[in-house]
Each structure stands twice: as structure tokens, then as C-alpha cells.
Amino acid sequence: MKHLLHEIRHNPMLWLLLFVPVVFLAEAFKPGAYTLLFVLSVLAIVPLAALLSHATESVAAKTGDAVGGLLNATLGNLTELVIALTALRAGQYMLVKASIAGAIVTNTLFMLGASFLLGGLKHHTQEFNKVGARLQAGLLFLATVALLVPSAIAKADSGPAAAFAQELSLGLAVLLIVAYGLGLLFSLKTHRELFASAEAGEAGEAPWPLGVALATLAGVTVLVALVSEVFVESVQEAAKTFGMTPAFVGFIIVAMVGGAAEMTAAFSGARKNRLDLSVGIALGSASQIALFVAPVLVLLSYVIGPSPMGLDFWPGAVVMMLIATLTAALVTTSGRSAWFVGVLTLMVYLTFAMSLYLLPPGLR
Amino acid sequence: MKHLLHEIRHNPMLWLLLFVPVVFLAEAFKPGAYTLLFVLSVLAIVPLAALLSHATESVAAKTGDAVGGLLNATLGNLTELVIALTALRAGQYMLVKASIAGAIVTNTLFMLGASFLLGGLKHHTQEFNKVGARLQAGLLFLATVALLVPSAIAKADSGPAAAFAQELSLGLAVLLIVAYGLGLLFSLKTHRELFASAEAGEAGEAPWPLGVALATLAGVTVLVALVSEVFVESVQEAAKTFGMTPAFVGFIIVAMVGGAAEMTAAFSGARKNRLDLSVGIALGSASQIALFVAPVLVLLSYVIGPSPMGLDFWPGAVVMMLIATLTAALVTTSGRSAWFVGVLTLMVYLTFAMSLYLLPPGLR
Amino acid sequence: MKHLLHEIRHNPMLWLLLFVPVVFLAEAFKPGAYTLLFVLSVLAIVPLAALLSHATESVAAKTGDAVGGLLNATLGNLTELVIALTALRAGQYMLVKASIAGAIVTNTLFMLGASFLLGGLKHHTQEFNKVGARLQAGLLFLATVALLVPSAIAKADSGPAAAFAQELSLGLAVLLIVAYGLGLLFSLKTHRELFASAEAGEAGEAPWPLGVALATLAGVTVLVALVSEVFVESVQEAAKTFGMTPAFVGFIIVAMVGGAAEMTAAFSGARKNRLDLSVGIALGSASQIALFVAPVLVLLSYVIGPSPMGLDFWPGAVVMMLIATLTAALVTTSGRSAWFVGVLTLMVYLTFAMSLYLLPPGLR
């Protein structure tokens with residue numbers, strides 16, 4: 001508890017934790033005020049995600065390299081997973097898929113681009129471990145291809161096609177999880193020396209004791225789940241009030257909220273000229289969502305969803321994921337960066353964000 | 001005037017200037033002879049473009065590095081801009097778009113490929129500054145992505161989609177111009193040392209005095225505008241006589257005519273084993289058209305066009321631009337070249353040219 | 001004959017030659033037993049392909065570098081060519097096209113990926129000549145683009161489009177063969193030093209005398225042609241029995257059967273830490289099929305086919321070829337490999353194989 005309080009005192013973002021009880025109060029007394037609930041739930045999820053991320057790291061630090069790396073890799077996107085699970089249970093499959101695609105695109109383009117830009121504004125040119133970046137980009141490319149195939153075929157949306165897309169999605173989900181597991185084996189075990197520089201501690205802060213960390217992990221996950229419920233219920237209504245399309249909300253807002261904690265870490269790494277860290281977080285997080293979160297959601301949809309969910313995305317989402325992956329491969333291939341590389345990457349993201357913002361609802 | 005005459009005496013291409021008055025005479029006396037007018041206007045535009053290009057460089061040389069670089073970058077494609085503006089005013093939006101896409105593809109594939117081939121036939125292998133090439137390829141990729149998005153969505157060509165595509169095109173045009181400006185800031189100011197070798201003088205010729213250069217710039221621009229009018233009016237009719245499809249004319253003929261001056265410079269650089277220069281001209285010119293000429297045309301269409309023009313292209317054109325960009329990224333990534341790399345790049349161009357030549361008109 | 005017998009004794013795969021007479025017997029006595037005939041013909045083609053490959057190498061070794069390289073490059077995919085010719089004569093254009101696309105995808109993804117994996121399981125990291133790999137990937141990319149264009153346009157499958165696609169296919173076929181010829185000139189003559197390490201002998205076995213080799217080449221080609229006839233006749237019926245879609249058969253089964261001999265060579269190279277060899281065989285074979293076998297089949301369809309065959313593929317096949325090429329470019333660009341790179345490449349292949357296996361017949 002002392003550790004938690006110490007953390008809260010030193011990290012201004014955590015003051016937002018105040019909004020957690022406020023959300024629940026607001027939901028009890030004003031269940032119809034969607035816009036208010038939406039804003040409050042966003043403000044509450046951000047600090048919870050930061051706590052979750054610190055707790056995961058603390059557990060990882062205590063349990064040693066191999067198990068720790070595994071934990072970090074598996075729970076690193078716990079917030080996204082919990083939000084998506086809540087949407088899945090509510091049967092909001094469009095929101096689930098938009099948030100998956102959006103998280104991949106946002107991490108690849110916005111988190112990476114902003115890291116390059118913020119780092120480049122402080123340092124003339126920056127270097128990073130291109131071997132690690134290439135592997136991450138490769139994993140991401142594979143995942144995007146796997147997500148592309150059912151979408152490409154499900155377009156012909158007749159009866160047999162739908163059944164086929166579902167069967168294929170199931171097979172691909174298993175394939176992706178296997179690839180993810182082998183990737184962990186590769187980067188944590190057989191070839192860990194290639195990824196050396198990224199493991200040098202994420203924030204320099206002292207880890208919590210194991211008990212505190214595990215308790216925080218459990219407690220905060222429950223809180224995230226509860227707040228997510230408010231978030232998922234209110235987001236579509238609130239979006240209408242703000243004049244946003246559902247596509248924009250799923251792709252941009254949810255992804256930004258879910259990734260806030262990682263973004264803070266990635267940006268601070270870039271400012272400290274530790275771009276390896278930023279690239280690792282951005283691409284690692286994106287490939288984790290594609291290779292682990294997305295297939296897990298497909299598999300869980302058979303258990304907790306109203307009906308099985310497939311891996312077929314809206315064609316525009318597939319194009320965006322593919323372009324995001326290609327952009328990441330292009331900008332990381334040289335292992336060097338300057339501010340304009342960040343601008344380019346962010347511009348691609350802005351292009352997408354603008355299109356989604358202006359997209360008429362009927363075109364989705 | 002002496003400088004101008006000296007230039008004309010030493011550059012055989014400029015003897016074609018004779019055709020400038022001939023065009024105007026022909027138009028006055030034989031306004032319906034489209035094929036004749038087309039051939040004459042092509043023959044007249046080529047030397048005017050060369051003059052324009054030399055005048056721009058002279059002004060750039062006199063005004064110092066930063067302003068000069070800016071001028072070179074802005075006026076480098078003045079011929080293409082003036083031709084496109086003429087077509088814009090005439091409401092020939094299809095020709096405008098075809099000439100934009102065609103200039104990008106022709107500069108990226110034909111100018112680059114022919115430079116590699118011509119250089120490679122003389123030198124066994126050639127090296128060039130791959131950092132600059134990568135940046136140009138990156139800019140070009142971003143621009144192509146921005147041009148791709150409205151086209152991808154405008155396909156669903158219903159009522160709301162059309163309005164949306166227009167709004168989006170406007171936003172993207174602003175975005176592209178901002179990216180272009182930041183790219184200039186990067187390459188001319190903050191990180192100019194990365195682009196060092198390309199600024200070492202374009203043709204080795206002595207620059208003109210500032211007054212002559214400015215007067216030439218103004219006068220020749222007017223002439224290009226006048227001849228372009230004849231060109232735009234006659235090109236479609238003439239194409240029919242030659243059995244060419246409108247797509248082929250816009251993509252290949254207009255792009256070749258508009259880029260003749262830059263091509264001469266790029267090819268002569270390649271023969272002199274200064275491939276940095278050739279790659280810089282080819283990719284720089286292509287990204288300038290995508291990031292500056294295209295959005296400027298969109299913005300100007302609100303002022304001088306009969307109706308606003310969008311950034312939505314024919315899907316085939318988008319595919320060609322995307323493939324051209326990928327090809328450029330692929331062949332420049334290693335910083336080395338040999339004749340066969342040129343052959344490969346030209347073959348991709350030939351594939352496109354052949355398709356466009358054979359394309360039945362209804363399929364556009 | 002002694003050499004042949006010696007070869008057969010030392011290479012267990014050649015014991016499968018026993019199945020050659022068995023196929024013909026089975027066809028004579030049980031012409032309707034398609035499943036049996038299919039299995040037998042597969043078992044018979046595999047050793048014949050291995051013999052063909054060894055005979056070609058022996059002729060190449062005897063005739064010196066330039067002619068030998070040419071022979072190796074031209075006859076290296078003789079098995080695939082003969083099978084495709086048999087299908088062409090039978091008018092089974094869908095099977096021909098599926099086997100072309102499948103051979104490209106299988107060689108690029110499966111052969112390359114399995115080589116990386118098998119090599120990586122034995123050696124921690126492996127290096128290979130990235131210049132050669134890049135050139136092959138470049139050639140392959142060009143070929144895929146050329147194959148993409150008619151498919152992209154032929155989608156609009158009206159009357160004029162069909163005629164146009166045919167004309168275009170003819171032109172592209174000539175273009176591809178020219179590019180292939182120039183590529184040979186480049187790699188065997190003007191810049192052979194760049195490809196040095198790949199020519200160091202394929203299997204270390206002693207070549208046969210020229211007479212034996214030529215006789216084997218001729219005789220075995222005839223046998224392959226005869227067995228192919230049984231194979232082509234039985235494959236579609238047998239597929240139904242096994243519950244495979246025609247797409248899966250053409251793409252995966254035919255490609256695996258036709259490429260069995262090259263695969264053995266590529267895999268054994270990878271195990272011996274001679275990855276140059278494996279990459280050269282995999283990418284070289286894929287680009288040979290795209291640049292030589294495919295256009296030759298188009299040209300021959302005018303002579304021996306019931307009607308001209310075009311280069312227009314099923315859109316899904318084009319997407320797969322394009323992704324396979326991009327994957328190959330991505331994984332070979334660094335010139336280094338480890339087991340997980342192989343896993344990634346194989347996963348992309350598995351994604352495709354799974355989609356094709358599950359694809360409902362009507363969606364092709």
C-alpha cells in the first residue's frame with residue numbers, strides 16, 4: 001500500500017485515479033448521461049492502465065528474465081484485452097474489431113511516429129537496434145497477412161462464404177497464437193542476445209514487492225473491467241454527441257485510451273535517446289495485439305460471446321493495417337531516425353484519422 | 001539576352017524554340033488541325049521546359065542555398081503545373097488527374113530506370129547516397145498513401161460518398177502541403193548534411209544574371225501557358241488519330257513532355273557517374289508532384305476550376321502509383337546499381353504503358 | 001546405364017521409380033480408379049523429377065559455365081513445365097494457372113521458409129549473399145507486377161475487356177521473356193561475380209558423362225510427360241475423394257510434386273550451412289516460373305491449346321503472389337537468418353494453404 005501511495009504521489013497521471021469512484025457514482029445516479037460517462041470512464045481508464053503496466057513490470061522484475069519477459073509480453077496489453085472482452089460480451093463485434101485494428105494502426109503509426117518526432121526534436125539523429133525492429137516488423141507483417149486473408153475472401157458475403165470465413169478464422173487464430181509463442185521462445189530464449197538492449201528496464205523506477213504487485217494486478221484488472229463496461233456502453237452514444245463516426249471512435253479513441261500507458265513509456269524513452277525501448281514498445285505492442293489479443297478474442301467468442309466472432313475486418317481496416325505495417329518496415333529498416341521520419345509516420349496516421357473522421361456512417 | 005542566345009547556340013534542344021511561333025501561327029490559320037497542333041505544341045513545350053529549368057536554377061544559384069533550394073523545389077515542376085492548370089481551367093479533370101498520376105509514375109519508373117540503365121551501360125556498378133534516396137522514397141510513399149485513401153473510399157460512388165471524398169481531398173491537400181513544407185525544412189535546413197552530394201550544381205553551366213533569369217522565368221512561363229492551351233485542346237483529338245487511348249495520352253505523353261527537361265539532366269548525371277543527382281531529380285520530382293503540385297491543383301480548383309476537384313483517382317492509377325513507389329523503394333534501398341536494375345525498373349514501366357495503350361476506352 | 005544404376009542405389013528417393021511402370025499398368029487396367037492413379041502418379045513423378053534435375057546438372061557441368069548456367073536456368077523447372085503443358089493441351093487452363101501461381105508461392109514461401117527453418121535448427125544464425133537474393137527478389141517482384149496488371153483489369157469481365165486482356169497477356173509474355181533473357185545475361189555474363197557463391201556445385205555428386213545425361217534428359221522428359229497425363233486426368237477427381245478443393249490441389253499439391261527435387265537440394269544446402277544455395281534455388285526457381293514458364297505457356301497456348309490462354313489470374317492468386325514476393329523481399333533483405341525467420345515465412349504459407357483448403361468451391 002505504501003508503494004502504491006508512493007507511486008501515486010510521484011506520478012501526476014495517477015491523480016486521475018480519483019475519477020474511478022466518480023465513474024461508478026455517476027453511473028449509479030445518472031445512467032443516461034452518456035457523454036459524461038464516456039469522458040469520466042476515459043479519465044479513469046488512463047491511470048488504471050498505467051498502474052496495470054507498472055504492476056506487470058514489477059512482477060516481471062521479480063520473477064526473472066524468462067518468466068518476466070513472458071509476463072510482460074502477455075499482460076502488456078491487458079487493458080486493451082479487458083476493454084475488448086467487455087465489448088465482446090456485449091456482442092459489439094464491430095467495436096471489438098475496430099479496436100483491434102485501431103490499436104495495431106495507432107501503435108504502429110502514432111506511437112512509433114510520435115516517438116521518432118519527440119526524440120528527434122531533442123537529438124539530431126538517433127540510432128536503434130535494427131535487428132529487433134526488423135523481427136517485430138516481420139511478425140507484424142505475418143499477422144497482418146493472416147488477418148487479411150479472411151477479409152479478402154469474406155467480401156463475397158454469401159452463405160457458404162460466411163461459414164467458411166468463420167472456420168478459417170478459427171484456424172488462423174490457432175496459427176497466430178502458435179506463431180506468437182514461437183516468437184517468444186525466439187526472443188526470450190534461443191536468440192535473446194539479438195534483443196539485448198530492450199530489456200534494460202523500462203522506467204528506471206524501483207519495482208514493487210511481489211505481493212503488492214500481484215494484488216495490484218488483480219485488483220486493478222477488476223476495476224478496469226468495471227470501468228470498461230461503462231466505457232463500452234457510453235462510447236457510441238457519446239460519439240454521436242461529439243459528431244464522431246463509430247469508425248473513428250473504435251479506431252482512434254479506444255486505441256488511444258487503451259494505449260495511454262505504453263505511450264508514456266515509449267515517449268519518455270525517445271526523449272532519453274533510448275529509441276530501442278520506444279520501437280520495442282510500439283512494434284511489440286502492435287504485434288502482440290495482432291498475434292495474441294486478436295486470436296484470443298476469436299477463441300473466447302465461442303465461450304463468452306453471443307455468437308462466434310471471425311477475423312474478417314472491414315476492407316478499409318485491412319488496407320490501413322497493411323499500410324501501417326509497410327510504413328513501419330520502411331522507416332525502421334535503416335536503424336536510424338530523425339524528426340522528419342516521425343513527421344512522415346504521423347502524417348500517414350493523420351491521413352487515416354481524417355478519413356475515418358469524415359467517413360459517412362453508411363460507408364463503413 | 002546575350003546569355004539566352006549563348007545558351008540557345010550551345011544547346012541543340014533549344015533550336016526547337018522555333019516551333020513556339022509556329023504553333024501560334026498554326027493555331028490562328030488552322031484551328032481544326034488537331035494532330036498538327038498537337039505535334040507542334042509538344043515540339044514547342046520541350047525547349048520551353050528546358051529554358052524554364054535553367055532559369056530556375058540560375059535564380060536559385062544567385063539567391064543562396066536556402067532560398068535557392070526552395071525555389072528549385074517549388075518551380076522544378078513548373079511546366080507540369082502550368083499544363084495541369086490549363087487543363088484544370090478547361091474543366092478536363094480526368095486529364096489533370098491522369099497527368100498527375102502519370103508524372104509520378106513516369107518520374108519514378110522511367111526517369112529512374114533509364115538513369116540506372118544509361119549509367120550502368122557505361123559504369124560497371126554505381127553507388128549513390130542511399131539516405132537521401134530513402135527519404136525521397138519515404139515521402140513518395142506517404143504521398144501515395146494519402147492519394148490512395150480517397151480513391152479507395154470514393155469507389156462506393158453514392159451521394160454522401162462523393163461529398164465526403166471532396167471534403168477529405170481538401171483536408172488531405174492541406175496535409176500534403178504541410179508535409180512538403182516540413183520536408184523542405186528538413187532537407188534544406190535541419191539535416192541538410194544528409195543530402196550533401198545532390199546540391200553540387202545541376203549542369204555545370206554558368207548561371208545567368210538574376211535579371212535575365214527572372215525575366216526568362218516570367219516570359220517563358222507565359223509562353224508555356226499559351227502553348228499548353230493549344231496542347232490541352234488538341235491532345236485528345238490527336239490521340240484518337242494516333243489510335244491512343246486517353247489514359248495513355250494523359251499518363252505517358254503528357255508526363256514525357258512535361259518532364260523532358262529534368263530527364264535530360266538526370267540522364268546526363270547518370271552517364272557522368274553522378275547517380276546521386278539522377279536519383280535526386282527523379283524521386284524529388286515525383287514527390288514534388290505528389291506533395292505539392294497535386295494538392296495545389298486541388299486548392300486552385302476551388303478558385304479557377306468550373307467545380308472543385310478531388311484527389312480520387314481511377315483505381316488502376318492508384319495501383320500503378322503504389323507499385324511505382326514500392327519499386328523505387330526496393331531498387332534504391334541498397335544504394336548500389338547496375339544496368340539490370342534499370343532494366344527491371346523500365347520493365348515495370350513498360351508493363352504499365354502497354355496496359356494503358358491497349359486499354360479499351362470504356363474500361364477507364 | 002551404370003551411372004544411372006549407381007545413382008539409383010545411393011539415392012533412396014529413386015527407388016520410387018518402381019512406381020513409373022506401376023502407373024502405366026494401373027492406367028491400362030483400372031482407368032477409372034482416379035484416387036489410385038493420382039497417388040501412383042505423384043509417387044512416380046517425384047523420382048523422375050529428381051533424375052531430370054541431376055541430368056540437367058550433369059549436362060550443365062559438362063558444357064561449361066555460360067551454357068551450363070543457361071541450361072540449368074532453362075531446364076530447372078522442366079517438370080513443372082511438362083505438367084503444365086499436359087494440362088494446357090487438355091484445355092485445363094484453371095489448373096495451369098493455379099499450378100503457375102502455386103509454384104511461385106510454394107517456392108517463395110515454403111521452400112525458402114523450410115530452408116531457413118531447417119538450417120536455423122542446426123546453426124544459430126546463418127548468413128547469405130544478400131546481393132544475389134535482392135536481385136532475385138527484384139526479378140520476382142517485376143514478374144508479379146506483370147502478372148498482376150491483366151488480372152486487375154480483366155476483373156471488369158465484359159466483352160472488350162476479355163479481348164484486351166488476351167492481347168495484353170501476349171505483350172506481357174514477350175516482355176517477361178525478354179526480362180528473363182536479360183537477367184540471364186546479367187547474372188551469367190556481365191555481373192557474374194555478384195552471384196559467385198551460388199555456382200559452387202549443387203550436390204557435390206560426380207556429374208554423369210554427357211551421353212548418359214542427354215539420353216536421361218530425353219527419356220525421362222518423355223516419361224514425365226506420360227505420367228503427367230495420368231496425373232492431370234486423375235487429380236481433380238482424386239481431390240474430390242480427399243475432400244480437397246481444386247484450388248488447393250492446383251496451388252499446393254501440384255506445386256509440391258513438381259518442386260520435390262529442388263526442395264531436396266535446397267534443404268540439404270541449408271543443413272550444410274550453405275544458405276546461398278537454398279535461397280538461390282528457391283527464389284531462382286520462383287522467378288524462372290514467373291518469367292519463363294508462365295509466358296512460354298501463354299505463347300504455346302496459341303499453338304497447342306484449344307484456345308489462347310491469358311495471364312489473368314484469380315484475384316486471390318494475385319494477392320498471394322504479391323504477398324509471397326513482399327515476404328521474400330522482407331526476409332532476405334538483411335542477408336541473415338535464424339530459425340524464427342523460417343517459421344514466419346512458413347506461417348504465411350500455412351495461412352494461404354489453410355485458406356485454400358477451406359475455400360468453398362463456388363468462391364474461386
# chains A, B, ... in the order shown; residues from 1 in each chain; ligands from 1

$ interface_residues --of "chain C" --to "chain A" --cutoff "10 Å" --atoms "only C-alpha atoms" --output "PyMOL selection string"
chain C and resi 124-125+315-316+319-320+323+326-327+330-331+333-334+336+338-341+343-352+354-364

$ write_last_selection --atoms "C-alpha atoms" --output "compact mmCIF listing (two decimals), in the first residue's frame"
# COMPACT_ATOMS: atom_id res chain seq x y z
CA HIS C 124 22.45 -20.46 -34.60
CA THR C 125 22.43 -17.76 -37.27
CA PRO C 315 -7.61 -12.18 -57.76
CA GLY C 316 -6.84 -14.26 -54.67
CA VAL C 319 -2.76 -11.27 -53.82
CA MET C 320 -0.94 -14.41 -52.68
CA ILE C 323 2.41 -11.12 -50.58
CA LEU C 326 6.95 -8.98 -50.46
CA THR C 327 7.64 -11.57 -47.77
CA LEU C 330 11.45 -8.61 -46.41
CA VAL C 331 13.13 -11.74 -45.06
CA THR C 333 16.96 -8.03 -47.23
CA SER C 334 19.32 -8.37 -44.27
CA ARG C 336 20.99 -13.09 -42.19
CA ALA C 338 17.65 -17.69 -37.87
CA TRP C 339 15.07 -20.40 -37.31
CA PHE C 340 12.26 -17.99 -36.50
CA VAL C 341 12.55 -16.25 -39.85
CA VAL C 343 8.80 -20.05 -39.03
CA LEU C 344 7.42 -16.66 -40.06
CA THR C 345 7.74 -17.44 -43.75
CA LEU C 346 6.17 -20.86 -43.32
CA MET C 347 3.32 -19.34 -41.31
CA VAL C 348 2.43 -17.06 -44.23
CA TYR C 349 2.41 -20.17 -46.42
CA LEU C 350 0.25 -22.07 -43.93
CA THR C 351 -2.17 -19.16 -43.86
CA PHE C 352 -2.58 -19.46 -47.61
CA MET C 354 -5.40 -23.22 -44.89
CA SER C 355 -7.50 -20.66 -46.77
CA LEU C 356 -7.29 -22.67 -49.97
CA TYR C 357 -8.12 -25.89 -48.19
CA LEU C 358 -11.22 -24.43 -46.61
CA LEU C 359 -12.27 -22.35 -49.62
CA PRO C 360 -15.78 -23.31 -50.78
CA PRO C 361 -15.64 -24.31 -54.47
CA GLY C 362 -18.06 -21.60 -55.55
CA LEU C 363 -15.81 -18.80 -54.33
CA ARG C 364 -12.93 -19.47 -56.69

$ residues_around --residues "range 300-308 of chain B" --least-positions-apart "2" --cutoff "6 Å" --atoms "only C-alpha atoms" --output "PyMOL selection string"
chain B and resi 88-89+296-298

$ residues_around --residues "range 43-55 of chain A" --least-positions-apart "2" --cutoff "7 Å" --atoms "only C-alpha atoms" --output "JSON, numbers by chain"
{"A": [13, 14, 16, 17, 19, 20, 39, 40, 41, 57, 58, 59, 76, 79, 213, 216, 217, 220, 224, 227, 257, 260, 261]}

$ residues_around --residues "Val254 in chain A" --least-positions-apart "5" --cutoff "8 Å" --atoms "only C-alpha atoms" --output "JSON, numbers by chain"
{"A": [99, 102, 103, 249]}

$ write_last_selection --atoms "C-alpha atoms" --output "PDB file, in the first residue's frame"
ATOM      1  CA  SER A  99     -10.441  -1.535 -31.570  1.00  0.00           C
ATOM      2  CA  GLY A 102      -7.158   0.634 -34.397  1.00  0.00           C
ATOM      3  CA  ALA A 103      -4.727  -0.497 -31.721  1.00  0.00           C
ATOM      4  CA  VAL A 249     -14.284   6.086 -32.104  1.00  0.00           C
TER       5      VAL A 249
END

$ closest_residue --among "C:Ala265, C:Leu71, C:Ala247, C:Leu117" --to "Met94 in chain C" --atoms "only C-alpha atoms"
C:Ala247

$ residues_around --residues "range 276-288 of chain A" --least-positions-apart "4" --cutoff "7 Å" --atoms "only C-alpha atoms" --output "ChimeraX atom specification"
/A:77,103-104,107-108,111-112,115,128-129,133,136-137,139-140,197-198,262,266-267,269-270,292-293

$ write_last_selection --atoms "C-alpha atoms" --output "PDB file, in the first residue's frame"
ATOM      1  CA  ASN A  77      -1.881  -5.158 -23.428  1.00  0.00           C
ATOM      2  CA  ALA A 103      -4.727  -0.497 -31.721  1.00  0.00           C
ATOM      3  CA  ILE A 104      -2.453  -2.039 -34.346  1.00  0.00           C
ATOM      4  CA  ASN A 107       0.703   1.686 -32.021  1.00  0.00           C
ATOM      5  CA  THR A 108       2.499   1.250 -35.320  1.00  0.00           C
ATOM      6  CA  MET A 111       3.239   5.678 -31.060  1.00  0.00           C
ATOM      7  CA  LEU A 112       6.218   4.999 -33.317  1.00  0.00           C
ATOM      8  CA  SER A 115       8.472   8.695 -30.519  1.00  0.00           C
ATOM      9  CA  PHE A 128      18.304   1.930 -32.678  1.00  0.00           C
ATOM     10  CA  ASN A 129      18.755  -1.840 -32.834  1.00  0.00           C
ATOM     11  CA  ALA A 133      12.911  -3.765 -35.148  1.00  0.00           C
ATOM     12  CA  GLN A 136       8.972  -7.107 -34.863  1.00  0.00           C
ATOM     13  CA  ALA A 137       8.065  -5.676 -38.262  1.00  0.00           C
ATOM     14  CA  LEU A 139       5.958 -10.614 -37.042  1.00  0.00           C
ATOM     15  CA  LEU A 140       3.553  -7.759 -37.593  1.00  0.00           C
ATOM     16  CA  SER A 197      19.247  -3.514 -25.416  1.00  0.00           C
ATOM     17  CA  ALA A 198      15.498  -3.502 -24.967  1.00  0.00           C
ATOM     18  CA  GLU A 262       2.585   2.382 -23.156  1.00  0.00           C
ATOM     19  CA  ALA A 266       7.641   4.988 -25.326  1.00  0.00           C
ATOM     20  CA  PHE A 267       7.779   8.785 -25.489  1.00  0.00           C
ATOM     21  CA  GLY A 269      12.318   6.518 -23.818  1.00  0.00           C
ATOM     22  CA  ALA A 270      12.608   8.524 -27.029  1.00  0.00           C
ATOM     23  CA  PHE A 292      -2.204 -12.689 -29.245  1.00  0.00           C
ATOM     24  CA  VAL A 293      -5.105 -10.399 -28.311  1.00  0.00           C
TER      25      VAL A 293
END

$ residues_around --residues "range 83-87 of chain A" --least-positions-apart "6" --cutoff "7 Å" --atoms "only C-alpha atoms" --output "PyMOL selection string"
chain A and resi 95-96+225+228-229+232
